[in-house]
file structure.cif (mmCIF, C-alpha atoms and all ligand atoms)
data_start
loop_
_atom_site.group_PDB
_atom_site.id
_atom_site.type_symbol
_atom_site.label_atom_id
_atom_site.label_comp_id
_atom_site.auth_asym_id
_atom_site.auth_seq_id
_atom_site.Cartn_x
_atom_site.Cartn_y
_atom_site.Cartn_z
ATOM 1 C CA MET Y 1 -26.982 -4.238 10.871
ATOM 2 C CA GLU Y 2 -29.740 -5.793 13.011
ATOM 3 C CA LYS Y 3 -30.023 -9.570 12.696
ATOM 4 C CA ILE Y 4 -33.584 -10.573 13.479
ATOM 5 C CA ILE Y 5 -35.847 -13.562 13.847
ATOM 6 C CA PHE Y 6 -39.244 -12.237 12.802
ATOM 7 C CA ASP Y 7 -42.315 -13.928 14.326
ATOM 8 C CA VAL Y 8 -45.521 -12.875 12.554
ATOM 9 C CA ASP Y 9 -49.242 -13.716 12.423
ATOM 10 C CA THR Y 10 -49.482 -12.291 8.940
ATOM 11 C CA GLY Y 11 -52.457 -10.022 8.620
ATOM 12 C CA HIS Y 12 -52.345 -6.655 6.865
ATOM 13 C CA ASP Y 13 -50.030 -4.649 9.146
ATOM 14 C CA ASP Y 14 -47.717 -7.663 9.600
ATOM 15 C CA ALA Y 15 -47.461 -7.825 5.794
ATOM 16 C CA ILE Y 16 -46.496 -4.140 5.660
ATOM 17 C CA ALA Y 17 -43.880 -4.756 8.380
ATOM 18 C CA ILE Y 18 -42.400 -7.700 6.417
ATOM 19 C CA ALA Y 19 -42.244 -5.531 3.289
ATOM 20 C CA MET Y 20 -40.549 -2.717 5.246
ATOM 21 C CA ALA Y 21 -37.935 -5.147 6.568
ATOM 22 C CA ALA Y 22 -37.333 -6.395 3.018
ATOM 23 C CA GLY Y 23 -36.910 -2.838 1.733
ATOM 24 C CA LEU Y 24 -34.554 -1.846 4.562
ATOM 25 C CA ARG Y 25 -32.006 -4.560 3.826
ATOM 26 C CA ASP Y 26 -28.999 -2.340 4.621
ATOM 27 C CA GLU Y 27 -30.313 -1.887 8.153
ATOM 28 C CA ILE Y 28 -32.081 -5.205 8.870
ATOM 29 C CA ASP Y 29 -31.087 -8.800 8.132
ATOM 30 C CA VAL Y 30 -34.113 -11.100 8.493
ATOM 31 C CA LEU Y 31 -32.613 -14.512 9.318
ATOM 32 C CA GLY Y 32 -35.996 -16.207 9.140
ATOM 33 C CA LEU Y 33 -39.727 -15.666 9.449
ATOM 34 C CA ILE Y 34 -41.851 -17.754 11.814
ATOM 35 C CA ALA Y 35 -45.603 -17.771 11.203
ATOM 36 C CA THR Y 36 -47.680 -18.180 14.328
ATOM 37 C CA ASN Y 37 -51.352 -18.498 15.265
ATOM 38 C CA GLY Y 38 -52.909 -15.067 15.872
ATOM 39 C CA ASN Y 39 -54.923 -12.847 13.559
ATOM 40 C CA VAL Y 40 -56.123 -16.098 11.943
ATOM 41 C CA ALA Y 41 -55.212 -19.799 12.281
ATOM 42 C CA LEU Y 42 -51.631 -20.955 11.729
ATOM 43 C CA SER Y 43 -52.364 -22.632 8.359
ATOM 44 C CA LYS Y 44 -53.517 -19.238 7.024
ATOM 45 C CA THR Y 45 -50.793 -17.068 8.610
ATOM 46 C CA LEU Y 46 -48.202 -19.495 7.199
ATOM 47 C CA GLU Y 47 -49.669 -19.289 3.696
ATOM 48 C CA ASN Y 48 -49.841 -15.481 3.958
ATOM 49 C CA THR Y 49 -46.236 -15.267 5.207
ATOM 50 C CA LEU Y 50 -44.936 -17.443 2.353
ATOM 51 C CA ASN Y 51 -46.871 -15.324 -0.162
ATOM 52 C CA VAL Y 52 -45.716 -11.986 1.253
ATOM 53 C CA ALA Y 53 -42.058 -13.073 1.556
ATOM 54 C CA GLU Y 54 -42.085 -14.171 -2.083
ATOM 55 C CA ALA Y 55 -43.898 -11.057 -3.310
ATOM 56 C CA VAL Y 56 -41.480 -8.621 -1.616
ATOM 57 C CA GLY Y 57 -38.368 -10.631 -2.549
ATOM 58 C CA LEU Y 58 -37.364 -11.419 1.018
ATOM 59 C CA GLU Y 59 -34.887 -14.265 0.636
ATOM 60 C CA CYS Y 60 -35.039 -15.964 4.009
ATOM 61 C CA PRO Y 61 -36.476 -19.268 5.230
ATOM 62 C CA VAL Y 62 -40.089 -19.343 6.431
ATOM 63 C CA PHE Y 63 -40.989 -21.652 9.338
ATOM 64 C CA TYR Y 64 -44.136 -22.598 11.204
ATOM 65 C CA GLY Y 65 -44.666 -21.736 14.878
ATOM 66 C CA SER Y 66 -47.446 -22.533 17.346
ATOM 67 C CA SER Y 67 -50.979 -23.424 16.316
ATOM 68 C CA LYS Y 68 -52.420 -22.576 19.752
ATOM 69 C CA PRO Y 69 -51.728 -20.261 22.708
ATOM 70 C CA LEU Y 70 -50.057 -21.769 25.813
ATOM 71 C CA LEU Y 71 -53.233 -22.113 27.900
ATOM 72 C CA ARG Y 72 -56.171 -20.115 26.622
ATOM 73 C CA ASP Y 73 -58.519 -20.923 23.715
ATOM 74 C CA VAL Y 74 -57.647 -19.617 20.274
ATOM 75 C CA VAL Y 75 -58.944 -16.112 19.453
ATOM 76 C CA ALA Y 76 -58.786 -14.374 16.058
ATOM 77 C CA ALA Y 77 -58.951 -10.836 14.646
ATOM 78 C CA GLY Y 78 -61.109 -11.544 11.586
ATOM 79 C CA ASP Y 79 -62.896 -8.176 11.741
ATOM 80 C CA PHE Y 80 -59.719 -6.367 10.748
ATOM 81 C CA HIS Y 81 -57.999 -8.906 8.496
ATOM 82 C CA GLY Y 82 -60.875 -10.961 7.000
ATOM 83 C CA GLU Y 83 -61.274 -14.705 6.738
ATOM 84 C CA SER Y 84 -57.910 -15.348 5.068
ATOM 85 C CA GLY Y 85 -56.046 -12.929 7.356
ATOM 86 C CA LEU Y 86 -55.103 -10.886 4.286
ATOM 87 C CA ASP Y 87 -58.447 -10.352 2.582
ATOM 88 C CA GLY Y 88 -58.418 -8.138 -0.493
ATOM 89 C CA THR Y 89 -54.827 -9.002 -1.368
ATOM 90 C CA THR Y 90 -54.030 -10.220 -4.857
ATOM 91 C CA PHE Y 91 -50.740 -12.044 -5.177
ATOM 92 C CA GLU Y 92 -49.239 -12.656 -8.588
ATOM 93 C CA LYS Y 93 -49.014 -16.392 -9.229
ATOM 94 C CA ARG Y 94 -45.384 -17.239 -8.497
ATOM 95 C CA LYS Y 95 -43.616 -20.352 -7.307
ATOM 96 C CA LYS Y 96 -43.047 -19.726 -3.636
ATOM 97 C CA GLN Y 97 -40.669 -21.561 -1.310
ATOM 98 C CA GLU Y 98 -41.832 -24.451 0.856
ATOM 99 C CA CYS Y 99 -42.121 -23.990 4.617
ATOM 100 C CA LYS Y 100 -38.771 -24.992 6.149
ATOM 101 C CA GLY Y 101 -40.215 -26.762 9.210
ATOM 102 C CA ASN Y 102 -40.413 -26.064 12.945
ATOM 103 C CA GLY Y 103 -39.414 -22.460 13.662
ATOM 104 C CA ILE Y 104 -39.230 -22.869 17.425
ATOM 105 C CA LEU Y 105 -36.470 -25.503 17.207
ATOM 106 C CA TRP Y 106 -34.703 -23.438 14.545
ATOM 107 C CA ALA Y 107 -34.895 -20.258 16.672
ATOM 108 C CA ILE Y 108 -33.516 -21.970 19.784
ATOM 109 C CA ASN Y 109 -30.506 -23.376 17.872
ATOM 110 C CA THR Y 110 -29.873 -20.157 15.952
ATOM 111 C CA VAL Y 111 -29.920 -17.959 19.063
ATOM 112 C CA LEU Y 112 -27.804 -20.322 21.184
ATOM 113 C CA ASN Y 113 -25.205 -20.580 18.395
ATOM 114 C CA ASN Y 114 -24.958 -16.775 18.078
ATOM 115 C CA PRO Y 115 -25.019 -15.442 21.654
ATOM 116 C CA GLY Y 116 -25.657 -11.712 22.001
ATOM 117 C CA GLU Y 117 -26.225 -11.178 18.279
ATOM 118 C CA ILE Y 118 -29.876 -11.785 17.507
ATOM 119 C CA THR Y 119 -33.010 -9.740 18.184
ATOM 120 C CA PHE Y 120 -36.281 -11.696 18.377
ATOM 121 C CA VAL Y 121 -39.127 -9.613 16.972
ATOM 122 C CA SER Y 122 -42.691 -10.709 17.710
ATOM 123 C CA VAL Y 123 -45.723 -8.976 16.189
ATOM 124 C CA GLY Y 124 -48.389 -11.599 16.880
ATOM 125 C CA PRO Y 125 -49.200 -13.348 20.186
ATOM 126 C CA TYR Y 126 -45.893 -14.208 21.890
ATOM 127 C CA THR Y 127 -46.430 -17.986 22.173
ATOM 128 C CA ASP Y 128 -43.374 -19.035 20.118
ATOM 129 C CA LEU Y 129 -41.016 -16.731 21.991
ATOM 130 C CA ALA Y 130 -42.348 -17.880 25.384
ATOM 131 C CA ILE Y 131 -41.815 -21.525 24.382
ATOM 132 C CA CYS Y 132 -38.211 -20.774 23.322
ATOM 133 C CA ILE Y 133 -37.597 -19.005 26.661
ATOM 134 C CA LYS Y 134 -39.029 -21.907 28.679
ATOM 135 C CA ALA Y 135 -37.413 -24.602 26.501
ATOM 136 C CA HIS Y 136 -33.790 -23.610 27.161
ATOM 137 C CA PRO Y 137 -32.417 -21.834 30.264
ATOM 138 C CA ASP Y 138 -29.867 -19.894 28.169
ATOM 139 C CA PHE Y 139 -32.241 -18.728 25.437
ATOM 140 C CA ALA Y 140 -33.280 -15.358 26.936
ATOM 141 C CA LYS Y 141 -29.764 -14.474 28.050
ATOM 142 C CA SER Y 142 -28.380 -15.346 24.591
ATOM 143 C CA LEU Y 143 -30.619 -12.801 22.830
ATOM 144 C CA LYS Y 144 -29.374 -9.322 21.984
ATOM 145 C CA ARG Y 145 -32.842 -8.093 22.873
ATOM 146 C CA ILE Y 146 -36.553 -8.633 22.239
ATOM 147 C CA VAL Y 147 -38.744 -6.236 20.236
ATOM 148 C CA VAL Y 148 -42.514 -6.703 20.320
ATOM 149 C CA MET Y 149 -45.707 -4.997 19.268
ATOM 150 C CA GLY Y 150 -48.259 -5.243 22.027
ATOM 151 C CA GLY Y 151 -49.873 -4.058 25.224
ATOM 152 C CA SER Y 152 -51.342 -0.762 26.326
ATOM 153 C CA MET Y 153 -50.929 1.509 29.326
ATOM 154 C CA GLY Y 154 -54.518 2.628 28.764
ATOM 155 C CA ARG Y 155 -57.412 0.758 27.194
ATOM 156 C CA GLY Y 156 -57.122 -2.329 25.021
ATOM 157 C CA ASN Y 157 -58.359 -2.925 21.491
ATOM 158 C CA ALA Y 158 -59.351 -6.616 21.667
ATOM 159 C CA THR Y 159 -61.224 -6.013 24.941
ATOM 160 C CA ASP Y 160 -61.509 -2.886 27.088
ATOM 161 C CA SER Y 161 -58.492 -4.189 29.020
ATOM 162 C CA ALA Y 162 -56.362 -6.092 26.515
ATOM 163 C CA GLU Y 163 -54.478 -5.301 23.319
ATOM 164 C CA PHE Y 164 -54.860 -8.079 20.714
ATOM 165 C CA ASN Y 165 -51.336 -9.630 20.782
ATOM 166 C CA ILE Y 166 -51.473 -9.905 24.576
ATOM 167 C CA TRP Y 167 -55.125 -11.081 24.513
ATOM 168 C CA GLY Y 168 -54.041 -13.788 22.058
ATOM 169 C CA ASP Y 169 -51.764 -15.350 24.691
ATOM 170 C CA PRO Y 170 -51.585 -13.500 28.059
ATOM 171 C CA GLU Y 171 -49.588 -16.250 29.787
ATOM 172 C CA ALA Y 172 -46.940 -16.110 27.044
ATOM 173 C CA ALA Y 173 -46.737 -12.310 27.318
ATOM 174 C CA GLU Y 174 -46.157 -12.535 31.095
ATOM 175 C CA ILE Y 175 -43.211 -14.891 30.427
ATOM 176 C CA VAL Y 176 -41.730 -12.628 27.742
ATOM 177 C CA PHE Y 177 -41.947 -9.342 29.697
ATOM 178 C CA ASN Y 178 -40.255 -10.992 32.674
ATOM 179 C CA CYS Y 179 -37.636 -13.256 31.062
ATOM 180 C CA GLY Y 180 -34.661 -11.070 32.041
ATOM 181 C CA ALA Y 181 -33.787 -9.946 28.488
ATOM 182 C CA GLU Y 182 -34.238 -6.318 27.432
ATOM 183 C CA VAL Y 183 -37.692 -5.910 25.873
ATOM 184 C CA VAL Y 184 -38.570 -2.992 23.598
ATOM 185 C CA ALA Y 185 -42.366 -2.877 23.272
ATOM 186 C CA MET Y 186 -44.562 -0.890 20.916
ATOM 187 C CA PRO Y 187 -47.878 -0.658 22.791
ATOM 188 C CA LEU Y 188 -51.073 1.011 21.572
ATOM 189 C CA ASP Y 189 -49.897 4.181 23.363
ATOM 190 C CA VAL Y 190 -47.540 4.772 20.438
ATOM 191 C CA THR Y 191 -48.922 2.667 17.560
ATOM 192 C CA LEU Y 192 -52.302 4.437 17.638
ATOM 193 C CA LYS Y 193 -50.434 7.639 16.749
ATOM 194 C CA VAL Y 194 -48.998 6.117 13.556
ATOM 195 C CA ILE Y 195 -51.896 6.283 11.108
ATOM 196 C CA LEU Y 196 -51.868 5.643 7.390
ATOM 197 C CA ASP Y 197 -54.142 8.614 6.657
ATOM 198 C CA GLU Y 198 -55.600 9.987 3.394
ATOM 199 C CA GLU Y 199 -52.507 12.105 2.762
ATOM 200 C CA ILE Y 200 -50.175 9.089 3.006
ATOM 201 C CA LEU Y 201 -52.541 7.030 0.859
ATOM 202 C CA GLU Y 202 -52.443 9.707 -1.855
ATOM 203 C CA LYS Y 203 -48.655 9.796 -1.608
ATOM 204 C CA ILE Y 204 -48.484 6.000 -2.087
ATOM 205 C CA LYS Y 205 -50.771 6.305 -5.125
ATOM 206 C CA SER Y 206 -48.554 9.006 -6.635
ATOM 207 C CA GLU Y 207 -45.382 6.870 -6.351
ATOM 208 C CA LYS Y 208 -43.889 5.175 -9.424
ATOM 209 C CA ASP Y 209 -45.742 1.953 -10.361
ATOM 210 C CA SER Y 210 -44.225 -1.303 -9.073
ATOM 211 C CA SER Y 211 -45.439 -4.802 -8.200
ATOM 212 C CA TYR Y 212 -45.216 -3.857 -4.535
ATOM 213 C CA LYS Y 213 -47.295 -0.717 -5.035
ATOM 214 C CA LYS Y 214 -49.990 -2.858 -6.679
ATOM 215 C CA LEU Y 215 -49.834 -5.392 -3.848
ATOM 216 C CA LEU Y 216 -49.945 -2.749 -1.100
ATOM 217 C CA LEU Y 217 -52.890 -0.919 -2.654
ATOM 218 C CA SER Y 218 -54.801 -4.201 -2.946
ATOM 219 C CA GLN Y 219 -54.142 -4.868 0.774
ATOM 220 C CA LEU Y 220 -55.108 -1.349 1.774
ATOM 221 C CA ASP Y 221 -58.359 -1.498 -0.136
ATOM 222 C CA PHE Y 222 -59.715 -4.087 2.344
ATOM 223 C CA TYR Y 223 -57.785 -2.881 5.413
ATOM 224 C CA ILE Y 224 -58.995 0.718 5.105
ATOM 225 C CA LYS Y 225 -62.622 -0.399 4.786
ATOM 226 C CA ALA Y 226 -62.277 -2.790 7.746
ATOM 227 C CA ASN Y 227 -60.740 -0.058 9.918
ATOM 228 C CA LYS Y 228 -63.451 2.419 8.968
ATOM 229 C CA ILE Y 229 -66.183 -0.067 9.884
ATOM 230 C CA ASN Y 230 -64.608 -1.393 13.106
ATOM 231 C CA ASN Y 231 -62.596 1.580 14.344
ATOM 232 C CA ASN Y 232 -63.966 4.594 12.526
ATOM 233 C CA SER Y 233 -60.395 5.472 11.565
ATOM 234 C CA MET Y 234 -57.735 4.928 8.912
ATOM 235 C CA PRO Y 235 -55.377 1.969 9.645
ATOM 236 C CA HIS Y 236 -52.774 2.102 12.398
ATOM 237 C CA MET Y 237 -49.259 0.908 11.590
ATOM 238 C CA HIS Y 238 -48.948 -1.287 14.693
ATOM 239 C CA ASP Y 239 -46.446 -3.914 13.531
ATOM 240 C CA PRO Y 240 -44.354 -1.668 11.228
ATOM 241 C CA CYS Y 241 -43.351 0.341 14.351
ATOM 242 C CA THR Y 242 -41.089 -2.562 15.400
ATOM 243 C CA ILE Y 243 -39.247 -2.520 12.076
ATOM 244 C CA ALA Y 244 -38.969 1.266 12.034
ATOM 245 C CA TYR Y 245 -37.471 1.081 15.539
ATOM 246 C CA LEU Y 246 -34.841 -1.440 14.419
ATOM 247 C CA ALA Y 247 -33.855 0.658 11.405
ATOM 248 C CA ASP Y 248 -33.805 3.937 13.383
ATOM 249 C CA PRO Y 249 -34.402 3.727 17.164
ATOM 250 C CA THR Y 250 -34.273 7.519 17.497
ATOM 251 C CA ILE Y 251 -37.713 7.835 15.837
ATOM 252 C CA PHE Y 252 -39.360 6.727 19.107
ATOM 253 C CA LYS Y 253 -39.551 7.969 22.711
ATOM 254 C CA PHE Y 254 -39.663 5.401 25.505
ATOM 255 C CA GLU Y 255 -40.522 4.987 29.164
ATOM 256 C CA GLN Y 256 -38.678 2.325 31.137
ATOM 257 C CA ARG Y 257 -41.154 0.374 33.290
ATOM 258 C CA ASN Y 258 -41.739 -3.103 34.696
ATOM 259 C CA VAL Y 259 -44.623 -4.885 32.998
ATOM 260 C CA HIS Y 260 -46.828 -7.705 34.249
ATOM 261 C CA VAL Y 261 -49.776 -9.246 32.480
ATOM 262 C CA GLU Y 262 -53.092 -9.946 34.210
ATOM 263 C CA THR Y 263 -53.796 -13.667 33.800
ATOM 264 C CA LYS Y 264 -56.480 -14.185 36.478
ATOM 265 C CA GLY Y 265 -59.014 -11.347 36.176
ATOM 266 C CA ALA Y 266 -62.360 -12.118 34.560
ATOM 267 C CA LEU Y 267 -62.721 -8.578 33.190
ATOM 268 C CA THR Y 268 -59.042 -7.684 32.957
ATOM 269 C CA TYR Y 269 -57.534 -10.862 31.418
ATOM 270 C CA GLY Y 270 -54.649 -9.784 29.151
ATOM 271 C CA ARG Y 271 -54.203 -6.296 30.601
ATOM 272 C CA THR Y 272 -50.591 -5.051 30.755
ATOM 273 C CA VAL Y 273 -50.023 -3.608 34.228
ATOM 274 C CA THR Y 274 -47.075 -1.197 34.365
ATOM 275 C CA SER Y 275 -44.946 0.126 37.242
ATOM 276 C CA ASP Y 276 -43.790 3.705 37.708
ATOM 277 C CA ILE Y 277 -40.843 4.744 35.564
ATOM 278 C CA ASP Y 278 -37.859 2.754 36.821
ATOM 279 C CA GLU Y 279 -34.349 2.991 35.394
ATOM 280 C CA ASN Y 280 -33.669 -0.628 36.374
ATOM 281 C CA ALA Y 281 -36.725 -1.994 34.573
ATOM 282 C CA LYS Y 282 -36.106 -4.303 31.623
ATOM 283 C CA VAL Y 283 -38.992 -3.079 29.461
ATOM 284 C CA PHE Y 284 -38.834 0.029 27.259
ATOM 285 C CA LEU Y 285 -42.361 1.070 26.309
ATOM 286 C CA GLY Y 286 -42.791 3.242 23.226
ATOM 287 C CA VAL Y 287 -44.846 6.338 24.058
ATOM 288 C CA ASP Y 288 -44.296 8.669 21.106
ATOM 289 C CA ALA Y 289 -43.011 8.693 17.536
ATOM 290 C CA ASN Y 290 -41.625 11.257 15.130
ATOM 291 C CA LEU Y 291 -44.204 10.696 12.394
ATOM 292 C CA GLU Y 292 -42.340 12.556 9.685
ATOM 293 C CA ARG Y 293 -39.301 10.329 10.138
ATOM 294 C CA PHE Y 294 -41.421 7.187 10.399
ATOM 295 C CA TRP Y 295 -42.996 7.899 6.982
ATOM 296 C CA GLU Y 296 -39.619 8.847 5.469
ATOM 297 C CA LEU Y 297 -38.392 5.382 6.427
ATOM 298 C CA PHE Y 298 -41.586 3.765 5.140
ATOM 299 C CA PHE Y 299 -41.147 5.405 1.713
ATOM 300 C CA LYS Y 300 -37.437 4.571 1.662
ATOM 301 C CA ALA Y 301 -38.378 0.889 2.076
ATOM 302 C CA PHE Y 302 -41.279 1.205 -0.388
ATOM 303 C CA ARG Y 303 -39.001 2.623 -3.133
ATOM 304 C CA ALA Y 304 -36.423 -0.128 -2.618
ATOM 305 C CA LEU Y 305 -39.024 -2.808 -3.464
ATOM 306 C CA LYS Y 306 -39.700 -3.883 -7.035
HETATM 307 C C1 LIG Y 401 -52.044 -6.121 16.705
HETATM 308 O O1 LIG Y 401 -53.164 -6.972 16.464
HETATM 309 C C2 LIG Y 401 -53.106 -7.470 15.157
HETATM 310 O O2 LIG Y 401 -54.383 -7.514 14.560
HETATM 311 C C3 LIG Y 401 -52.148 -6.613 14.399
HETATM 312 O O3 LIG Y 401 -51.499 -7.376 13.381
HETATM 313 C C4 LIG Y 401 -51.175 -6.149 15.456
HETATM 314 O O4 LIG Y 401 -50.120 -7.070 15.621
HETATM 315 C C5 LIG Y 401 -52.565 -4.737 17.071
HETATM 316 O O5 LIG Y 401 -53.284 -4.776 18.253
HETATM 317 CA CA CA Y 402 -49.696 -8.842 13.991
#
call {"tool": "encode", "arguments": {"input": "structure.cif", "output": "structure tokens"}}
result
Amino acid sequence: MEKIIFDVDTGHDDAIAIAMAAGLRDEIDVLGLIATNGNVALSKTLENTLNVAEAVGLECPVFYGSSKPLLRDVVAAGDFHGESGLDGTTFEKRKKQECKGNGILWAINTVLNNPGEITFVSVGPYTDLAICIKAHPDFAKSLKRIVVMGGSMGRGNATDSAEFNIWGDPEAAEIVFNCGAEVVAMPLDVTLKVILDEEILEKIKSEKDSSYKKLLLSQLDFYIKANKINNNSMPHMHDPCTIAYLADPTIFKFEQRNVHVETKGALTYGRTVTSDIDENAKVFLGVDANLERFWELFFKAFRALK
């Protein structure tokens, strides 16, 4: 059982990742969700996270994280997720839990009190995790490991050089990749291979009706259109790759490399610069996925949700 702290900037693929974690409860124990600034502003990612957690029956506390990156100005990904961060989504009116307060303080205490047991998963900009690492000298060494979505060994998607989660806070990403803990990263090199295509969409539609099916189809309605307009493709399952990895690491192939983040270049700000393959490197970069097994896991989670 993987005990995780799940840091999210809830847009559409974050929401799918949260739902997957909720459906895979025999494999993954979400100790708490922290909403952070990223795809949209913190107030919106927090509202989205509370709504999604309630809708998928994930019984864990929801906290707030950072409202701004460490140094740079705030950037957003409105083209893909809309003004609310989850445009198109219709939530049933339900009484949702209140935010439980500052997630950074909670994460530091929780990790230090459970050394070696907890994996910190970050699928938005890594600001919260970088603050935890800098706030306490034992934080990084008390983690079991870190799992992130982000980076690219080739081109970026936010700019030609930078993937969005790194672009959102390059200085934080440099801290995380070099904190000494083991980092498993899902860069664009692998996540761009995991596409929710027409065949998968039809399969979702043919599944038994459930509240989650209704919710997911409402999310996909907007997300598919946004991806067609901005990317000329069906949506990529960026953030769900982290959850699939935690439930079944053998789905993915990795290369072990050192990673630094460009924080000075005018044209290359936010680029992840990787070394040659190095068996002593602390970062494991996802490079390939067994798509059949990824989707098997996705549907296993989907069917477990009401
Ligand atoms: C990342 O950017 C965000 O828009 C997605 O949620 C994902 O975390 C992909 O580059
Ligand atoms: Ca995200």
call {"tool": "residues_near_point", "arguments": {"input": "structure.cif", "point": "(-47.6, -16.8, 18.5)", "cutoff": "6 Å", "atoms": "all atoms listed in the file", "output": "short mmCIF file (atom, residue, chain, number, x, y, z; two decimals) with C-alpha atoms, keeping the file's coordinate frame"}}
result
data_model
loop_
_atom_site.label_atom_id
_atom_site.label_comp_id
_atom_site.auth_asym_id
_atom_site.auth_seq_id
_atom_site.Cartn_x
_atom_site.Cartn_y
_atom_site.Cartn_z
CA THR Y 36 -47.68 -18.18 14.33
CA ASN Y 37 -51.35 -18.50 15.26
CA SER Y 66 -47.45 -22.53 17.35
CA GLY Y 124 -48.39 -11.60 16.88
CA PRO Y 125 -49.20 -13.35 20.19
CA TYR Y 126 -45.89 -14.21 21.89
CA THR Y 127 -46.43 -17.99 22.17
CA ASP Y 128 -43.37 -19.04 20.12
#
call {"tool": "resolve_selection", "arguments": {"input": "structure.cif", "expression": "the PyMOL selection byres (((chain Y and resi 90) around 8) and not hetatm)", "output": "VMD selection string"}}
result
chain Y and resid 88 to 89 91 to 92 215 218 to 219
call {"tool": "closest_residue", "arguments": {"input": "structure.cif", "among": "Y:Ala140, Y:Ile4, Y:Cys241, Y:Met149", "to": "ligand CA 402 (chain Y)", "atoms": "all atoms listed in the file"}}
result
Y:Met149
call {"tool": "residues_around", "arguments": {"input": "structure.cif", "residues": "Ala185 of chain Y", "least_positions_apart": "4", "cutoff": "7 Å", "atoms": "only C-alpha atoms", "output": "list in words"}}
result
Val147, Val148, Met149, Gly150, Phe284, Leu285 and Gly286 of chain Y
call {"tool": "atom_distance", "arguments": {"input": "structure.cif", "atom1": "atom CA of Val62 of chain Y", "atom2": "atom CA of Gln97 of chain Y"}}
result
8.1 Å
call {"tool": "residues_around", "arguments": {"input": "structure.cif", "residues": "Ala41 of chain Y", "least_positions_apart": "3", "cutoff": "12 Å", "atoms": "all atoms listed in the file", "output": "PyMOL selection string"}}
result
chain Y and resi 8-11+35-38+44-48+64-69+73-78+81-86+124-125+168
call {"tool": "residues_around", "arguments": {"input": "structure.cif", "residues": "segment 176-179 of chain Y", "least_positions_apart": "4", "cutoff": "12 Å", "atoms": "all atoms listed in the file", "output": "ChimeraX atom specification"}}
result
/Y:120-122,125-134,136-143,145-151,166,169-172,183-185,257-261,272-274,281-285
call {"tool": "atom_distance", "arguments": {"input": "structure.cif", "atom1": "atom CA of Ala55 of chain Y", "atom2": "atom CA of Tyr212 of chain Y"}}
result
7.4 Å
call {"tool": "atom_distance", "arguments": {"input": "structure.cif", "atom1": "atom CA of Phe294 of chain Y", "atom2": "atom CA of Asp248 of chain Y"}}
result
8.8 Å
call {"tool": "axis_aligned_box", "arguments": {"input": "structure.cif", "around": "ligand LIG 401 (chain Y)", "padding_each_side": "4 Å", "output": "AutoDock Vina command-line options"}}
result
--center_x -52.3 --center_y -6.1 --center_z 15.8 --size_x 12.3 --size_y 10.8 --size_z 12.9
call {"tool": "residues_around", "arguments": {"input": "structure.cif", "residues": "Thr191 of chain Y", "least_positions_apart": "3", "cutoff": "7 Å", "atoms": "all atoms listed in the file", "output": "PyMOL selection string"}}
result
chain Y and resi 186-188+194+236-238+241
call {"tool": "write_last_selection", "arguments": {"input": "structure.cif", "atoms": "C-alpha atoms", "output": "mmCIF file, in the frame of the given file"}}
result
data_model
loop_
_atom_site.group_PDB
_atom_site.id
_atom_site.type_symbol
_atom_site.label_atom_id
_atom_site.label_comp_id
_atom_site.auth_asym_id
_atom_site.auth_seq_id
_atom_site.Cartn_x
_atom_site.Cartn_y
_atom_site.Cartn_z
ATOM 1 C CA MET Y 186 -44.562 -0.890 20.916
ATOM 2 C CA PRO Y 187 -47.878 -0.658 22.791
ATOM 3 C CA LEU Y 188 -51.073 1.011 21.572
ATOM 4 C CA VAL Y 194 -48.998 6.117 13.556
ATOM 5 C CA HIS Y 236 -52.774 2.102 12.398
ATOM 6 C CA MET Y 237 -49.259 0.908 11.590
ATOM 7 C CA HIS Y 238 -48.948 -1.287 14.693
ATOM 8 C CA CYS Y 241 -43.351 0.341 14.351
#
call {"tool": "build_atoms", "arguments": {"input": "structure.cif", "residues": "segment 14-22 of chain Y", "atoms": "N, CA and C atoms", "output": "PDB file, keeping the file's coordinate frame"}}
result
ATOM      1  N   ASP Y  14     -48.900  -6.781   9.599  1.00  0.00           N
ATOM      2  CA  ASP Y  14     -47.717  -7.663   9.600  1.00  0.00           C
ATOM      3  C   ASP Y  14     -47.095  -7.669   8.207  1.00  0.00           C
ATOM      4  N   ALA Y  15     -47.954  -7.760   7.178  1.00  0.00           N
ATOM      5  CA  ALA Y  15     -47.461  -7.825   5.794  1.00  0.00           C
ATOM      6  C   ALA Y  15     -46.694  -6.549   5.450  1.00  0.00           C
ATOM      7  N   ILE Y  16     -47.192  -5.409   5.930  1.00  0.00           N
ATOM      8  CA  ILE Y  16     -46.496  -4.140   5.660  1.00  0.00           C
ATOM      9  C   ILE Y  16     -45.145  -4.131   6.398  1.00  0.00           C
ATOM     10  N   ALA Y  17     -45.136  -4.689   7.614  1.00  0.00           N
ATOM     11  CA  ALA Y  17     -43.880  -4.756   8.380  1.00  0.00           C
ATOM     12  C   ALA Y  17     -42.861  -5.667   7.673  1.00  0.00           C
ATOM     13  N   ILE Y  18     -43.316  -6.787   7.132  1.00  0.00           N
ATOM     14  CA  ILE Y  18     -42.400  -7.700   6.417  1.00  0.00           C
ATOM     15  C   ILE Y  18     -41.829  -6.976   5.189  1.00  0.00           C
ATOM     16  N   ALA Y  19     -42.695  -6.263   4.479  1.00  0.00           N
ATOM     17  CA  ALA Y  19     -42.244  -5.531   3.289  1.00  0.00           C
ATOM     18  C   ALA Y  19     -41.231  -4.451   3.680  1.00  0.00           C
ATOM     19  N   MET Y  20     -41.492  -3.753   4.797  1.00  0.00           N
ATOM     20  CA  MET Y  20     -40.549  -2.717   5.246  1.00  0.00           C
ATOM     21  C   MET Y  20     -39.187  -3.331   5.554  1.00  0.00           C
ATOM     22  N   ALA Y  21     -39.209  -4.484   6.235  1.00  0.00           N
ATOM     23  CA  ALA Y  21     -37.935  -5.147   6.568  1.00  0.00           C
ATOM     24  C   ALA Y  21     -37.202  -5.540   5.284  1.00  0.00           C
ATOM     25  N   ALA Y  22     -37.962  -6.004   4.289  1.00  0.00           N
ATOM     26  CA  ALA Y  22     -37.333  -6.395   3.018  1.00  0.00           C
ATOM     27  C   ALA Y  22     -36.721  -5.179   2.319  1.00  0.00           C
TER      28      ALA Y  22
END
